[in-house]
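Asks: Structure in structure tokens, see below.
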Amino acid sequence: MAKSPSGASVASLNNVLNQKLPGLQAADIKSVAKAIAKLQGFGVQVDDVFPEGIIAPDAVTISGNLPAAKRAALIEILSGLDRLKNINVFPRGIPVGPDIIRVKATIQRG
């Protein structure tokens with residue numbers, strides 16, 4: 001079982017996501033859980049997972065914060081995600097030197 005550094009295993013993420021995203025198939029939930037574990041592995045503090053689409057979700061947006069000191073790893077983080085559909089990156093904090101970077105990654109349903 002793969003574990004993220006925060007200690008959340010893909011299996012435990014699957015359980016949480018099954019409750020939060022009831023319209024997705026098991027393979028899609030597993031893909032989202034792996035993406036969250038990858039993001040957490042690079043230091044992204046994931047705080048929201050939201051289904052995109054009406055009636056049947058066709059994508060899931062994962063949102064979180066990345067410490068600004070780890071921004072150099074951002075390209076590696078995002079290029080490692082499967083089925084990446086959309087990316088939003090926004091610095092948060094004072095304009096001269098942001099404290100955190102807000103990351104939203106949308107994962108397309110398989």
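Each chain of the structure tokens is named A, B, ... in the order shown, its residues numbered from 1; ligands are numbered from 1 in display order.
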Write out as a PyMOL selection string which residues come within 8 Å of Phe90 (chain A) when counting only C-alpha atoms, dropping same-chain ones fewer than 2 positions away.

Replies: chain A and resi 88+92+101-103

Asks: Do a neighbour search on Ile75 (chain A) at 12 Å with only C-alpha atoms, toss out local chain neighbours closer than 2 positions, and write the hits as a list of chain:residue names.

Replies: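 Those residues are A:Leu39, A:Phe42, A:Lys70, A:Arg71, A:Ala72, A:Ala73, A:Ile77, A:Leu78, A:Ser79, A:Gly80, A:Leu81, A:Ile87, A:Val89, A:Val103.
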
Asks: Next, dump the selected residues to file, keeping only C-alpha atoms, as a PDB file, in the first residue's frame.

Replies:
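What landed in part-v7.pdb:
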ATOM      1  CA  LEU A  39       0.504  15.872  -4.040  1.00  0.00           C
ATOM      2  CA  PHE A  42       5.543  16.802  -2.406  1.00  0.00           C
ATOM      3  CA  LYS A  70       8.802  24.239  -2.321  1.00  0.00           C
ATOM      4  CA  ARG A  71       7.610  26.071  -5.443  1.00  0.00           C
ATOM      5  CA  ALA A  72      10.559  24.784  -7.498  1.00  0.00           C
ATOM      6  CA  ALA A  73       9.039  21.304  -7.297  1.00  0.00           C
ATOM      7  CA  ILE A  77       4.443  17.701  -8.954  1.00  0.00           C
ATOM      8  CA  LEU A  78       1.996  18.549 -11.705  1.00  0.00           C
ATOM      9  CA  SER A  79       3.748  16.615 -14.474  1.00  0.00           C
ATOM     10  CA  GLY A  80       3.483  13.484 -12.330  1.00  0.00           C
ATOM     11  CA  LEU A  81      -0.323  13.546 -12.241  1.00  0.00           C
ATOM     12  CA  ILE A  87      -4.185  23.600 -13.408  1.00  0.00           C
ATOM     13  CA  VAL A  89      -1.656  28.170  -9.465  1.00  0.00           C
ATOM     14  CA  VAL A 103      -2.758  24.839  -6.260  1.00  0.00           C
TER      15      VAL A 103
END

Asks: Could you list, as a PyMOL selection string, every residue within 7 Å of region 50-57 of chain A, counting only C-alpha atoms and ignoring same-chain residues fewer than 6 positions away?

Replies: chain A and resi 21+23-24

Asks: Could you pull the residues within 7 Å of region 107-110 of chain A, counting only C-alpha atoms, minus those fewer than 4 positions along the same chain, as a PDB file with C-alpha atoms, in the first residue's frame?

Replies:
ATOM      1  CA  ASP A  28     -11.598   6.734 -10.808  1.00  0.00           C
ATOM      2  CA  ASP A  58     -16.515  13.784 -15.337  1.00  0.00           C
ATOM      3  CA  ALA A  59     -13.606  15.274 -13.369  1.00  0.00           C
ATOM      4  CA  VAL A  60     -12.445  15.991  -9.829  1.00  0.00           C
ATOM      5  CA  THR A  61     -10.695  19.170  -8.665  1.00  0.00           C
ATOM      6  CA  ARG A  83      -5.250  12.535 -16.503  1.00  0.00           C
ATOM      7  CA  LEU A  84      -4.490  16.158 -15.658  1.00  0.00           C
ATOM      8  CA  LYS A  85      -7.138  18.380 -17.278  1.00  0.00           C
TER       9      LYS A  85
END

Asks: So that I can check the secondary structure, give me every residue of chain A assigned alpha helix (DSSP H) by backbone DSSP, as a ChimeraX atom specification.

Replies: /A:10-20,26-41,74-79

Asks: For Pro67 (chain A), which residue out of A:Ile100, A:Ala11, A:Ala105, A:Val32 is the nearest one, using only C-alpha atoms?

Replies: A:Ile100

Asks: One decimal, in Å: what's the spacing between CA of Pro98 (chain A) and CA of Asp47 (chain A)?

Replies: 18.9 Å

Asks: Could you jot down the CA of Asp82 (chain A) to CA of Ala35 (chain A) separation for me, Å, one decimal place?

Replies: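 Taking CA of Asp82 (chain A) as the start and CA of Ala35 (chain A) as the end point, the length is 7.5 Å.
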
Asks: Nearest to Gln40 (chain A) among A:Val96, A:Ala27, A:Ala69, A:Val10, with distances taken over only C-alpha atoms: which residue is it?

Replies: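 Once distances to Gln40 (chain A) are computed over only C-alpha atoms, the minimum belongs to A:Val10.
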
Asks: Give me, as a PyMOL selection string, the residues of chain A that a backbone DSSP run labels strand (DSSP E or B).

Replies: chain A and resi 3+9+45-52+59-67+84-92+100-108

Asks: Next, the residues of the selection above should be written as a JSON list (two decimals), in the first residue's frame with C-alpha atoms.

Replies:
[["chain", "number", "residue", "atom", "x", "y", "z"],
["A", 3, "LYS", "CA", 1.61, 5.94, 1.75],
["A", 9, "SER", "CA", -2.47, 5.53, 2.69],
["A", 45, "GLN", "CA", -1.59, 20.31, 2.03],
["A", 46, "VAL", "CA", -4.75, 19.10, 0.30],
["A", 47, "ASP", "CA", -7.84, 20.71, 1.83],
["A", 48, "ASP", "CA", -10.63, 20.07, -0.69],
["A", 49, "VAL", "CA", -11.76, 17.57, -3.30],
["A", 50, "PHE", "CA", -14.72, 18.59, -5.45],
["A", 51, "PRO", "CA", -16.52, 16.69, -8.24],
["A", 52, "GLU", "CA", -16.97, 18.54, -11.55],
["A", 59, "ALA", "CA", -13.61, 15.27, -13.37],
["A", 60, "VAL", "CA", -12.44, 15.99, -9.83],
["A", 61, "THR", "CA", -10.69, 19.17, -8.67],
["A", 62, "ILE", "CA", -8.13, 18.76, -5.90],
["A", 63, "SER", "CA", -7.20, 21.97, -4.04],
["A", 64, "GLY", "CA", -4.43, 22.62, -1.58],
["A", 65, "ASN", "CA", -1.60, 24.84, -0.43],
["A", 66, "LEU", "CA", 2.09, 24.44, -1.15],
["A", 67, "PRO", "CA", 4.70, 26.25, 0.97],
["A", 84, "LEU", "CA", -4.49, 16.16, -15.66],
["A", 85, "LYS", "CA", -7.14, 18.38, -17.28],
["A", 86, "ASN", "CA", -6.60, 21.82, -15.76],
["A", 87, "ILE", "CA", -4.18, 23.60, -13.41],
["A", 88, "ASN", "CA", -4.62, 26.82, -11.42],
["A", 89, "VAL", "CA", -1.66, 28.17, -9.47],
["A", 90, "PHE", "CA", -1.98, 31.36, -7.45],
["A", 91, "PRO", "CA", 0.50, 32.92, -4.99],
["A", 92, "ARG", "CA", -0.98, 33.89, -1.60],
["A", 100, "ILE", "CA", 2.08, 29.85, 0.11],
["A", 101, "ILE", "CA", 1.03, 28.85, -3.36],
["A", 102, "ARG", "CA", -2.58, 27.80, -3.89],
["A", 103, "VAL", "CA", -2.76, 24.84, -6.26],
["A", 104, "LYS", "CA", -5.90, 23.50, -7.95],
["A", 105, "ALA", "CA", -5.51, 20.48, -10.20],
["A", 106, "THR", "CA", -8.44, 18.99, -12.10],
["A", 107, "ILE", "CA", -8.17, 15.28, -12.86],
["A", 108, "GLN", "CA", -10.22, 13.99, -15.80]]

Asks: At what distance in Å, to one decimal, does CA of Glu76 (chain A) lie from CA of Lys34 (chain A)?

Replies: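 Going from CA of Lys34 (chain A) over to CA of Glu76 (chain A) covers 15.3 Å.
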